[in-house]
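> Can you read through this structure? Questions will come right after.
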Amino acid sequence: MIKLSKLADYAVVILAAMSESQGVRLSAGVLAETTKLPEPTVAKVLKLLAKEEVIQSIRGVNGGYVLEHAPQDIKITAVIAAMDGPIAIASCVDEAEGCCDREEHCSVKGKWTPVNAAIRNALDGVTLADMVN
């Protein structure tokens with residue numbers, strides 16, 4: 001089964017809540033209350049999204065987080081990658097070396113690359129706006 005991490009799922013939930021208040025600075029506490037997710041989890045997700053520049057972090061007394069891109073401009077691939085790293089269906093995609101202790105005997109090493117590309121392309125076609133609407 002291919003399954004997103006809980007953090008990636010939570011990130012979409014948090015971004016959906018942020019899209020309802022686009023351009024407004026929101027704190028982790030406010031977003032935790034809105035989404036009914038635990039505040040430490042929301043804070044972690046926000047930091048990861050800000051690090052990858054999916055959202056903007058504003059420091060200071062009146063700080064918070066802002067959705068600086070329109071929902072239609074935020075690709076779900078960017079959200080997943082911010083939470084989980086690069087999207088890869090298997091560790092040996094893109095001819096990676098040292099990915100597995102069986103690789104020298106593996107007949108399908110690197111063959112997952114087109115499958116991985118198809119999944120990435122499909123996810124690239126989905127935006128936050130698609131998830132919210």
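By order in the structure tokens, chains are A, B, ...; within a chain, residues start at 1; ligands start at 1, following the order shown.
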Let's see if you can do this: from backbone DSSP, list all strand (DSSP E or B) residues in segment 17-131 of chain A, as an MDAnalysis selection string.
chainID A and resid 26 56:58 64:66 75 127
> For the selection just defined, write its residues with N, CA and C atoms to a file, as a PDB file, in the first residue's frame.

ATOM      1  N   LEU A  26      -1.279  33.769  10.951  1.00  0.00           N
ATOM      2  CA  LEU A  26      -1.929  32.842  11.868  1.00  0.00           C
ATOM      3  C   LEU A  26      -0.880  32.159  12.735  1.00  0.00           C
ATOM      4  N   GLN A  56       5.156  31.319   4.574  1.00  0.00           N
ATOM      5  CA  GLN A  56       6.123  32.287   5.102  1.00  0.00           C
ATOM      6  C   GLN A  56       5.979  32.356   6.624  1.00  0.00           C
ATOM      7  N   SER A  57       7.124  32.352   7.298  1.00  0.00           N
ATOM      8  CA  SER A  57       7.162  32.504   8.739  1.00  0.00           C
ATOM      9  C   SER A  57       7.542  33.945   9.060  1.00  0.00           C
ATOM     10  N   ILE A  58       6.763  34.574   9.942  1.00  0.00           N
ATOM     11  CA  ILE A  58       7.030  35.952  10.345  1.00  0.00           C
ATOM     12  C   ILE A  58       7.311  35.935  11.841  1.00  0.00           C
ATOM     13  N   GLY A  64       3.750  35.018  13.046  1.00  0.00           N
ATOM     14  CA  GLY A  64       2.865  33.908  12.713  1.00  0.00           C
ATOM     15  C   GLY A  64       3.266  33.326  11.372  1.00  0.00           C
ATOM     16  N   TYR A  65       2.336  32.704  10.744  1.00  0.00           N
ATOM     17  CA  TYR A  65       2.570  32.067   9.450  1.00  0.00           C
ATOM     18  C   TYR A  65       1.545  32.570   8.444  1.00  0.00           C
ATOM     19  N   VAL A  66       2.008  32.753   7.219  1.00  0.00           N
ATOM     20  CA  VAL A  66       1.155  33.286   6.166  1.00  0.00           C
ATOM     21  C   VAL A  66       1.265  32.384   4.937  1.00  0.00           C
ATOM     22  N   LYS A  75       1.517  23.154  -5.208  1.00  0.00           N
ATOM     23  CA  LYS A  75       1.367  21.780  -5.667  1.00  0.00           C
ATOM     24  C   LYS A  75       1.459  20.826  -4.486  1.00  0.00           C
ATOM     25  N   THR A 127      -3.342  20.585  -6.879  1.00  0.00           N
ATOM     26  CA  THR A 127      -2.936  21.748  -6.086  1.00  0.00           C
ATOM     27  C   THR A 127      -3.739  21.799  -4.785  1.00  0.00           C
TER      28      THR A 127
END
> Report as a PDB file with C-alpha atoms, in the first residue's frame all protein, DNA and RNA residues lying within 10 Å of segment 34-48 of chain A, evaluated on only C-alpha atoms, omitting residues in the same chain fewer than 6 positions from it.

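Saved as around-v1.pdb:
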ATOM      1  CA  LEU A   7       2.403  14.791   8.789  1.00  0.00           C
ATOM      2  CA  ALA A   8       1.806  15.160   5.042  1.00  0.00           C
ATOM      3  CA  TYR A  10      -1.899  17.163   8.476  1.00  0.00           C
ATOM      4  CA  ALA A  11       0.017  19.641   6.325  1.00  0.00           C
ATOM      5  CA  VAL A  12      -2.780  19.630   3.743  1.00  0.00           C
ATOM      6  CA  VAL A  13      -5.374  20.092   6.512  1.00  0.00           C
ATOM      7  CA  ILE A  14      -3.410  23.024   7.964  1.00  0.00           C
ATOM      8  CA  LEU A  15      -2.842  24.614   4.555  1.00  0.00           C
ATOM      9  CA  ALA A  16      -6.557  24.235   3.762  1.00  0.00           C
ATOM     10  CA  ALA A  17      -7.345  26.135   6.967  1.00  0.00           C
ATOM     11  CA  MET A  18      -4.771  28.779   6.063  1.00  0.00           C
ATOM     12  CA  SER A  27      -0.257  31.316  14.916  1.00  0.00           C
ATOM     13  CA  ALA A  28       0.240  27.623  15.565  1.00  0.00           C
ATOM     14  CA  VAL A  54       5.578  26.614   1.059  1.00  0.00           C
ATOM     15  CA  ILE A  55       4.462  29.231   3.611  1.00  0.00           C
ATOM     16  CA  GLN A  56       6.123  32.287   5.102  1.00  0.00           C
ATOM     17  CA  SER A  57       7.162  32.504   8.739  1.00  0.00           C
ATOM     18  CA  GLY A  64       2.865  33.908  12.713  1.00  0.00           C
ATOM     19  CA  TYR A  65       2.570  32.067   9.450  1.00  0.00           C
ATOM     20  CA  VAL A  66       1.155  33.286   6.166  1.00  0.00           C
ATOM     21  CA  VAL A  79       3.660  19.747   0.465  1.00  0.00           C
ATOM     22  CA  ALA A  81       8.194  16.719  -0.137  1.00  0.00           C
ATOM     23  CA  ALA A  82       8.294  19.324   2.657  1.00  0.00           C
ATOM     24  CA  MET A  83       7.021  16.719   5.121  1.00  0.00           C
ATOM     25  CA  ASP A  84       8.551  13.488   3.868  1.00  0.00           C
TER      26      ASP A  84
END
> For the structure I just gave you, how does DSSP split chain A - specifically, which residues are alpha helix (DSSP H)? Reply as a count of residues only.
61
> Counting only C-alpha atoms, which of A:Ile74, A:Ala117, A:Val61, A:Cys100 gets nearest to Val132 of chain A?
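Looking at the shortest contact to Val132 of chain A, the residue is A:Ile74.
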> Report, in Å to a single decimal, how far apart atom CA of Glu52 of chain A and atom CA of Glu20 of chain A are.
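Computing the Euclidean distance for atom CA of Glu20 of chain A and atom CA of Glu52 of chain A yields 21.1 Å.
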> I need the residue nearest Ala118 of chain A from this list: A:Leu49, A:Leu31, A:Ala70, A:Ile87. Use only C-alpha atoms for the distance.
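Nearest candidate to Ala118 of chain A out of A:Leu49, A:Leu31, A:Ala70, A:Ile87: A:Ile87.
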> Take atom CA of Gln72 of chain A and atom CA of Met131 of chain A and report the distance between them in Å, one decimal.
9.7 Å
> Enter the distance from atom CA of Ile89 of chain A to atom CA of Lys3 of chain A, in Å, rounded to one decimal.
10.1 Å
> Identify which of the residues A:Lys111, A:Asp101, A:Ala90, A:Thr77 lies closest to Gly125 of chain A, counting only C-alpha atoms when measuring atom-to-atom distances.
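Among A:Lys111, A:Asp101, A:Ala90, A:Thr77, it is A:Thr77 that comes nearest to Gly125 of chain A.
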